[in-house]
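Chemist: The following block contains the structure, expressed as structure tokens.
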Amino acid sequence: MEIPPEIRGDILKMQQIQQKLQNFMLQKQHVQVQKIEVENALKEIKNVKKDDGVFEIVGTIMFKKSKDELNASLDEKNELFTLRLSSLDKQINTLTDEAKEIQAKITAEINKKR
């Protein structure tokens, strides 16, 4: 049985969506790991006395900061990661819905041809 051009196009579109979904899932995993690291750092910084110096590593350089400065910086990063995860979840859900629609369309077209 030869595959009609419209079904071929839908299959190609489905493959592209699957690739995008895989990419977004990898991004989500990466952001989740970063968020966990920040949350762990926030827990650890609670054990530091206010007057003790703390350090933040930026690239290959270590900077001394106050506890409050680092806490504020980590809170900001945590908030950004939360927003990024929310955005990725929305994109993943949108693509998943789109994939389901295309799958249903392909299935309907194949059943019509039988």
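Starting from 1 in every chain, residues are counted up; chains themselves are A, B, ... following the order of the structure tokens, and ligands are numbered from 1 as listed.
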Which residues, written as a list in words, have at least one atom at most 10 Å from Pro4 in chain A, with only C-alpha atoms counted and residues fewer than 5 positions away on the same chain left out?
Modeler: Gly9, Glu109, Ile110 and Lys113 of chain A
Chemist: Hey, can you spit out that residue selection with C-alpha atoms as a short mmCIF file (atom, residue, chain, number, x, y, z; two decimals), in the first residue's frame?
Modeler:
```
data_model
loop_
_atom_site.label_atom_id
_atom_site.label_comp_id
_atom_site.auth_asym_id
_atom_site.auth_seq_id
_atom_site.Cartn_x
_atom_site.Cartn_y
_atom_site.Cartn_z
CA GLY A 9 3.32 15.06 5.47
CA GLU A 109 -6.84 8.62 7.17
CA ILE A 110 -5.40 5.10 7.28
CA LYS A 113 -8.12 3.91 2.96
#
```
Chemist: Could you please write out, as a PyMOL selection string, every residue of chain A that DSSP assigns to helix (DSSP H, G or I)?
Modeler: chain A and resi 5-45+67-113
Chemist: Could you tell me how far CA of Phe55 in chain A sits from CA of Asp75 in chain A, in Å to one decimal place?
Modeler: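 Interatomic distance here is 15.5 Å.
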Chemist: Just give me the gap between CA of Leu88 in chain A and CA of Glu44 in chain A in Å, one decimal is fine.
Modeler: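 CA of Glu44 in chain A lies 27.9 Å from CA of Leu88 in chain A.
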Chemist: Compile the contact shell of Asp89 in chain A as a list of chain:residue names: residues with an atom at most 12 Å away, counting only C-alpha atoms, same-chain residues fewer than 4 positions apart removed.
Modeler: A:Leu21, A:Phe24, A:Met25, A:Leu26, A:Gln27, A:Lys28, A:Gln29, A:Val31, A:Gln32, A:Thr82, A:Leu83, A:Arg84, A:Leu85, A:Asn93, A:Thr94, A:Leu95, A:Thr96
Chemist: Could those residues be written to a file, using N, CA and C atoms, as an mmCIF file, in the first residue's frame?
Modeler:
```cif
data_model
loop_
_atom_site.group_PDB
_atom_site.id
_atom_site.type_symbol
_atom_site.label_atom_id
_atom_site.label_comp_id
_atom_site.auth_asym_id
_atom_site.auth_seq_id
_atom_site.Cartn_x
_atom_site.Cartn_y
_atom_site.Cartn_z
ATOM 1 N N LEU A 21 9.737 17.565 21.303
ATOM 2 C CA LEU A 21 9.370 17.078 22.638
ATOM 3 C C LEU A 21 10.587 16.518 23.368
ATOM 4 N N PHE A 24 12.735 19.426 24.492
ATOM 5 C CA PHE A 24 12.163 20.110 25.657
ATOM 6 C C PHE A 24 12.292 19.270 26.924
ATOM 7 N N MET A 25 12.145 17.957 26.795
ATOM 8 C CA MET A 25 12.280 17.083 27.968
ATOM 9 C C MET A 25 13.712 17.121 28.508
ATOM 10 N N LEU A 26 14.690 17.140 27.606
ATOM 11 C CA LEU A 26 16.086 17.242 28.040
ATOM 12 C C LEU A 26 16.347 18.582 28.719
ATOM 13 N N GLN A 27 15.808 19.657 28.143
ATOM 14 C CA GLN A 27 15.949 20.979 28.759
ATOM 15 C C GLN A 27 15.321 20.986 30.146
ATOM 16 N N LYS A 28 14.157 20.371 30.255
ATOM 17 C CA LYS A 28 13.453 20.327 31.540
ATOM 18 C C LYS A 28 14.291 19.590 32.587
ATOM 19 N N GLN A 29 14.875 18.461 32.201
ATOM 20 C CA GLN A 29 15.724 17.715 33.130
ATOM 21 C C GLN A 29 16.900 18.564 33.594
ATOM 22 N N VAL A 31 17.149 21.868 33.720
ATOM 23 C CA VAL A 31 16.677 22.940 34.608
ATOM 24 C C VAL A 31 16.297 22.372 35.972
ATOM 25 N N GLN A 32 15.686 21.184 35.998
ATOM 26 C CA GLN A 32 15.330 20.556 37.281
ATOM 27 C C GLN A 32 16.577 20.290 38.124
ATOM 28 N N THR A 82 12.037 28.123 38.340
ATOM 29 C CA THR A 82 10.620 27.777 38.485
ATOM 30 C C THR A 82 9.824 28.276 37.277
ATOM 31 N N LEU A 83 10.092 29.510 36.864
ATOM 32 C CA LEU A 83 9.415 30.073 35.688
ATOM 33 C C LEU A 83 9.772 29.299 34.422
ATOM 34 N N ARG A 84 11.041 28.948 34.293
ATOM 35 C CA ARG A 84 11.489 28.205 33.112
ATOM 36 C C ARG A 84 10.819 26.827 33.053
ATOM 37 N N LEU A 85 10.727 26.171 34.206
ATOM 38 C CA LEU A 85 10.060 24.862 34.250
ATOM 39 C C LEU A 85 8.589 24.983 33.862
ATOM 40 N N ASN A 93 3.184 20.328 26.989
ATOM 41 C CA ASN A 93 1.749 20.008 26.915
ATOM 42 C C ASN A 93 1.156 20.381 25.558
ATOM 43 N N THR A 94 1.537 21.543 25.043
ATOM 44 C CA THR A 94 1.046 21.987 23.740
ATOM 45 C C THR A 94 1.479 21.019 22.642
ATOM 46 N N LEU A 95 2.756 20.645 22.658
ATOM 47 C CA LEU A 95 3.255 19.718 21.643
ATOM 48 C C LEU A 95 2.629 18.332 21.783
ATOM 49 N N THR A 96 2.416 17.896 23.017
ATOM 50 C CA THR A 96 1.784 16.596 23.246
ATOM 51 C C THR A 96 0.368 16.583 22.682
#
```
Chemist: Show me, as a tab-separated table (two decimals) with N, CA and C atoms, in the first residue's frame, the residues that have an atom within 8 Å of range 58-68 of chain A when counting only C-alpha atoms, minus same-chain residues fewer than 5 positions from it.
Modeler:
```tsv
chain	number	residue	atom	x	y	z
A	45	ILE	N	22.89	27.32	53.23
A	45	ILE	CA	23.22	28.69	53.64
A	45	ILE	C	22.49	29.08	54.93
A	48	VAL	N	24.71	28.85	57.97
A	48	VAL	CA	25.84	29.78	58.07
A	48	VAL	C	25.44	30.96	58.95
A	49	LYS	N	26.38	31.36	59.83
A	49	LYS	CA	26.13	32.55	60.67
A	49	LYS	C	26.14	33.79	59.80
A	50	LYS	N	25.37	34.78	60.22
A	50	LYS	CA	25.22	36.00	59.42
A	50	LYS	C	26.55	36.69	59.13
A	51	ASP	N	27.47	36.67	60.10
A	51	ASP	CA	28.75	37.37	59.93
A	51	ASP	C	29.79	36.55	59.17
A	52	ASP	N	29.56	35.26	59.01
A	52	ASP	CA	30.51	34.43	58.27
A	52	ASP	C	30.44	34.76	56.79
A	53	GLY	N	31.58	34.72	56.14
A	53	GLY	CA	31.60	34.94	54.70
A	53	GLY	C	31.20	33.68	53.97
```
Chemist: Write out as a list in words the residues lying within 10 Å of range 98-103 of chain A, counting only C-alpha atoms and excluding same-chain residues fewer than 5 positions away.
Modeler: Ile7, Asp10, Ile11, Lys13, Met14, Gln15, Gln16, Ile17, Gln18, Leu21, Ile92, Asn93, Ala108 and Glu109 of chain A
Chemist: Please return as a PyMOL selection string: the residues of range 34-77 of chain A that backbone DSSP assigns to strand (DSSP E or B).
Modeler: chain A and resi 54-58+61-65
Chemist: Residues of the last selection are to be written out with C-alpha atoms, as a PDB file, in the first residue's frame.
Modeler:
```pdb
ATOM      1  CA  VAL A  54      30.214  32.736  51.992  1.00  0.00           C
ATOM      2  CA  PHE A  55      31.512  32.150  48.510  1.00  0.00           C
ATOM      3  CA  GLU A  56      29.871  31.953  45.131  1.00  0.00           C
ATOM      4  CA  ILE A  57      31.566  30.319  42.178  1.00  0.00           C
ATOM      5  CA  VAL A  58      31.047  32.081  38.863  1.00  0.00           C
ATOM      6  CA  ILE A  61      36.309  32.411  39.834  1.00  0.00           C
ATOM      7  CA  MET A  62      35.200  32.311  43.467  1.00  0.00           C
ATOM      8  CA  PHE A  63      33.706  35.493  44.963  1.00  0.00           C
ATOM      9  CA  LYS A  64      33.226  36.251  48.643  1.00  0.00           C
ATOM     10  CA  LYS A  65      29.743  37.560  49.418  1.00  0.00           C
TER      11      LYS A  65
END
```
Chemist: To one decimal place in Å, what is the distance between CA of Glu6 in chain A and CA of Lys112 in chain A?
Modeler: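 Calculated distance between CA of Glu6 in chain A and CA of Lys112 in chain A is 13.1 Å.
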Chemist: Using only C-alpha atoms, determine which residues lie at most 10 Å from Lys77 in chain A, disregarding the query and same-chain residues fewer than 6 positions distant; provide the list as an mmCIF file with N, CA and C atoms, in the first residue's frame.
Modeler:
```
data_model
loop_
_atom_site.group_PDB
_atom_site.id
_atom_site.type_symbol
_atom_site.label_atom_id
_atom_site.label_comp_id
_atom_site.auth_asym_id
_atom_site.auth_seq_id
_atom_site.Cartn_x
_atom_site.Cartn_y
_atom_site.Cartn_z
ATOM 1 N N GLN A 34 19.447 21.935 37.962
ATOM 2 C CA GLN A 34 19.940 23.233 38.424
ATOM 3 C C GLN A 34 19.097 23.752 39.587
ATOM 4 N N LYS A 35 17.793 23.580 39.490
ATOM 5 C CA LYS A 35 16.887 24.045 40.549
ATOM 6 C C LYS A 35 17.162 23.291 41.848
ATOM 7 N N VAL A 38 20.287 24.665 43.464
ATOM 8 C CA VAL A 38 20.028 25.955 44.113
ATOM 9 C C VAL A 38 19.264 25.746 45.418
ATOM 10 N N GLU A 39 18.266 24.877 45.401
ATOM 11 C CA GLU A 39 17.491 24.605 46.619
ATOM 12 C C GLU A 39 18.378 24.009 47.709
ATOM 13 N N ASN A 71 22.063 34.706 49.454
ATOM 14 C CA ASN A 71 20.697 34.215 49.633
ATOM 15 C C ASN A 71 19.755 34.860 48.607
ATOM 16 N N LEU A 83 10.092 29.510 36.864
ATOM 17 C CA LEU A 83 9.415 30.073 35.688
ATOM 18 C C LEU A 83 9.772 29.299 34.422
#
```
Chemist: Given only C-alpha atoms as the basis, pick out the residue of A:Asp97, A:Glu79, A:Glu2, A:Glu69 nearest to Ile36 in chain A.
Modeler: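 Closest candidate: A:Glu79.
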